[in-house]
Amino acid sequence: MAADSALLLGLVEEFVLGQQDRKAVDTATELKAGQFTILQLVEALGLHLTSSQPQTRARGVQLLSSVLQECHGDLTEREVEVLIVFYENRLKDHYVITPHVIQGLKALVSLKLSNLCHVKFHKDFREMSILSQLKGLGADFVFGFVQSVDGERDPRNLLLAFRIAGKIVREGYDLGKFTEELFEVTSCYFPIDFSPPPNDPHGITQEELVLALRAVLTGTPRFAEFLLPLIIEKLDSDVQSAKVDSLQTLTACASVYEHKELAQFLPGLWASLRREVFQTASERVESAGLAAVGSLTACLSRSVLNSDSEDSLNVFLELVLKDCQHHLCEPDLKLVWPSAKLLQATSTASYRASHRVAAAVLPSLIEQYNSRTQVSHTIQLGRSIIVNVDESVLLDFRQSLCSVVFSALSESNADLQITSMRVLTALGQQTGDAPNLSTPLPMNVEVPQMDRLLLELEELSCTSDHPLSYTSAAKCYAGLVNKSPAGEMLKRISTELDSASSPVRTQAFTLLLWVSKALLLRYHPLSTALTDKLFSLLSDPELGSLAADGFSLLMSDSQDVLNRGSHADVRIMYRQRFFTENSAKLVEGFNAAVQEKKSGYLKALSHIVNNLPRQVQLTELPALLPLLLEALSCPDQGVQVSTLSCLQPVLLDPPSTLITQLEVCLTSSSQKVRIASLRCIHALSRFPEHEVRLWVLRALAAPLDDHKRVVRSEAAVARNEWFLLGSPGGR
């Protein structure tokens, strides 16, 4: 294609310098006739585009943009790429040039996206520098964008289009009369059905397209009147992924919409949601449906109502209760749990919803339990409804609920007993309790029928043969006892423990242990009698090992119950007090025990000492050193590890007997024992050199060749420290 340079330069000069605007039309005509290319026009404008005068540069850009408006359909991919770079740079120029830059960009936007697929347009839109300028074009820009997207099928271009459209709706572009057109040109791809071809070099996934399109459709409430009917329609699809996409899109809408956008569509939305939860065999669909119900409820709950507007939340809850409540009492269990899940999704979404659902459902459930109809599932239903419900919602039902739960605790069904205790947990959570299996309420909260509850828990903890049941009951009991007088009810524990033939001694011991901890924490006088009972069990052939390990539970922090987070009464320095009052008893028991029973006392001692504050250990350990050294020779590896852990403070002035015993521990079959021993030897190196240096270096030879890397590492650290003691510059 030959360019008529003289003709082109003449047209440029007449437009820029001669101010003859009609020359733009002539230039466009010649371009269409093939007299020159758009890039040659840019080259001809070169001197004017680099002029020191802003007005001259503006006229040059104006000519180029005017020509583009007439000839943009004839551009090649290379030309588009060059023009985009050119206009991007011109955006940084003088403000008088900006309107003409936007005029040219508008012309480029009118190109089909297929012409822009491989060019830098994608990058520029992601960086949003050009779009920020195009916002001023308002509805004209939106119309041009709609035209460029219409009918697009290339996934690369669609991803670009969705991202641009997302910015348009999120940043409040003036859509004018093209709101529905913008929705239609994007929503025609909903829900996304795309499988990338094998070895796709572009790496575009279905998830990327789904999320990008969802951001467009849910980006503005102005789409609500179009989107909500579309979602209702798409939920009729037989394709599971389409259902899930539709439900997740509805959930996303709820964070943007208010009640006025949802109100007229609530019946249709609820009918679709109910059908999906009631009839689906897919957990994904059910989960997405329940999430959508909760999101809708939350949206309707936070909306501010005008005096003349209908309460959309109440309308929605009436629909839910009408279709779900009666299923809770039907003999056919098919729809019981789907109904319970829907009610739970609504009740946990807001305070208003929880109050309305609980007030409607709990009376009928309580009546159903009292009539002994479907006892087990009634208790479970009650828990599913009240969990996470606000405290004040349950105030009117607390007495009745407690009666139901206390009765259920006496049932012989272990699952029912555990569920009952989880209902107590739910009741406790409403008053600030930590979420655990064991009701402990703040001290200022009155528990209805406390005596009956304690009796039921004691009965369950001492008679159940289900470990989780009797342990949970013991924790519940301990949590209550921690804040209330123990009374005469603890006598049964001693009776069961004193009977060597009792089939429930383990259960009684579990209760004794937790109650001992509950009373120890609060300095209750009865704690001494209970801990004495624990000491006496150290020689018991059946419970001795459990009793020894129980001192670890007694002295350590509890994560799920009897801690300050669950409002337990925890006094300061209770560990020190326990040690001061009981260390002599422990030594006496050890000395009096036959040889085969001594290990229990040693294990108990190591657990107690290991949980003391370090400063207390430094003060008290010297007197207990003979027992601790003997504990190192105990065959129980748990005793060895615990003892070695608490021996480190004593190493400030190590006796020779300790060194000898450490050498034995270095060859233990337990990796934990070997590592703990090495750490003790490492600690010895922190003090002035003494006669054991050569022995230590010799003893470390074996662990340096240990088959466990972590043991070899500890040995190397200890040896390096001991070598430093013998060097001229060492410590």
# chains A, B, ... in the order shown; residues from 1 in each chain; ligands from 1
call {"tool": "residues_around", "arguments": {"residues": "Arg575 of chain A", "least_positions_apart": "6", "cutoff": "8 Å", "atoms": "only C-alpha atoms", "output": "count of residues only"}}
result
3
call {"tool": "residues_around", "arguments": {"residues": "Ser312 of chain A", "least_positions_apart": "2", "cutoff": "10 Å", "atoms": "only C-alpha atoms", "output": "list of chain:residue names"}}
result
A:Glu258, A:His259, A:Lys260, A:Leu262, A:Ala263, A:Gln264, A:Leu266, A:Thr297, A:Cys299, A:Leu300, A:Ser301, A:Ser303, A:Leu305, A:Ser309, A:Glu310, A:Asn314, A:Val315, A:Phe316, A:Leu317, A:Glu318
call {"tool": "closest_residue", "arguments": {"among": "A:Val256, A:Cys462, A:Leu250, A:Leu513", "to": "Leu543 of chain A", "atoms": "only C-alpha atoms"}}
result
A:Leu513
call {"tool": "residues_around", "arguments": {"residues": "Val609 of chain A", "least_positions_apart": "6", "cutoff": "10 Å", "atoms": "only C-alpha atoms", "output": "list in words"}}
result
Ser552, Met555, Arg575, Gln576, Phe579, Ser583, Val616, Gln617, Glu620, Leu621, Leu624, Leu628, Ser642, Thr643, Ser645, Cys646 and Leu647 of chain A
call {"tool": "write_last_selection", "arguments": {"atoms": "N, CA and C atoms", "output": "mmCIF file, in the first residue's frame"}}
result
data_model
loop_
_atom_site.group_PDB
_atom_site.id
_atom_site.type_symbol
_atom_site.label_atom_id
_atom_site.label_comp_id
_atom_site.auth_asym_id
_atom_site.auth_seq_id
_atom_site.Cartn_x
_atom_site.Cartn_y
_atom_site.Cartn_z
ATOM 1 N N SER A 552 -1.458 -35.323 87.003
ATOM 2 C CA SER A 552 -1.158 -34.412 85.891
ATOM 3 C C SER A 552 -2.380 -33.563 85.563
ATOM 4 N N MET A 555 -3.012 -30.919 88.326
ATOM 5 C CA MET A 555 -2.102 -29.781 88.446
ATOM 6 C C MET A 555 -1.983 -28.941 87.175
ATOM 7 N N ARG A 575 -1.489 -24.327 92.932
ATOM 8 C CA ARG A 575 -0.515 -25.410 92.769
ATOM 9 C C ARG A 575 0.511 -25.402 93.908
ATOM 10 N N GLN A 576 1.019 -24.206 94.212
ATOM 11 C CA GLN A 576 1.993 -24.109 95.307
ATOM 12 C C GLN A 576 1.387 -24.577 96.624
ATOM 13 N N PHE A 579 1.135 -28.350 96.681
ATOM 14 C CA PHE A 579 2.439 -28.985 96.879
ATOM 15 C C PHE A 579 2.885 -28.874 98.336
ATOM 16 N N SER A 583 3.231 -32.622 99.770
ATOM 17 C CA SER A 583 4.503 -33.254 99.407
ATOM 18 C C SER A 583 4.957 -34.251 100.476
ATOM 19 N N VAL A 616 9.472 -22.028 92.334
ATOM 20 C CA VAL A 616 9.117 -22.959 93.404
ATOM 21 C C VAL A 616 9.938 -24.239 93.277
ATOM 22 N N GLN A 617 10.151 -24.685 92.052
ATOM 23 C CA GLN A 617 10.970 -25.884 91.854
ATOM 24 C C GLN A 617 12.370 -25.700 92.420
ATOM 25 N N GLU A 620 12.129 -26.020 96.251
ATOM 26 C CA GLU A 620 11.641 -27.252 96.870
ATOM 27 C C GLU A 620 12.349 -28.523 96.410
ATOM 28 N N LEU A 621 12.959 -28.496 95.219
ATOM 29 C CA LEU A 621 13.480 -29.741 94.661
ATOM 30 C C LEU A 621 14.626 -30.376 95.453
ATOM 31 N N LEU A 624 13.515 -33.061 97.633
ATOM 32 C CA LEU A 624 12.892 -34.203 96.961
ATOM 33 C C LEU A 624 13.857 -34.921 96.034
ATOM 34 N N LEU A 628 13.416 -38.034 93.224
ATOM 35 C CA LEU A 628 13.505 -37.749 91.797
ATOM 36 C C LEU A 628 14.582 -38.606 91.131
ATOM 37 N N SER A 642 8.970 -37.041 82.507
ATOM 38 C CA SER A 642 8.446 -35.995 83.383
ATOM 39 C C SER A 642 9.486 -35.572 84.417
ATOM 40 N N THR A 643 10.211 -36.553 84.967
ATOM 41 C CA THR A 643 11.218 -36.249 85.985
ATOM 42 C C THR A 643 12.385 -35.463 85.394
ATOM 43 N N SER A 645 12.336 -33.517 82.896
ATOM 44 C CA SER A 645 11.892 -32.166 82.568
ATOM 45 C C SER A 645 11.941 -31.240 83.772
ATOM 46 N N CYS A 646 11.667 -31.780 84.956
ATOM 47 C CA CYS A 646 11.647 -30.919 86.144
ATOM 48 C C CYS A 646 12.979 -30.913 86.888
ATOM 49 N N LEU A 647 13.963 -31.684 86.409
ATOM 50 C CA LEU A 647 15.257 -31.729 87.087
ATOM 51 C C LEU A 647 16.202 -30.602 86.682
#
call {"tool": "closest_residue", "arguments": {"among": "A:Trp722, A:Ala139, A:Val85, A:Gln69", "to": "Leu108 of chain A", "atoms": "only C-alpha atoms"}}
result
A:Gln69
call {"tool": "atom_distance", "arguments": {"atom1": "atom CA of Pro363 of chain A", "atom2": "atom CA of Glu330 of chain A"}}
result
15.3 Å
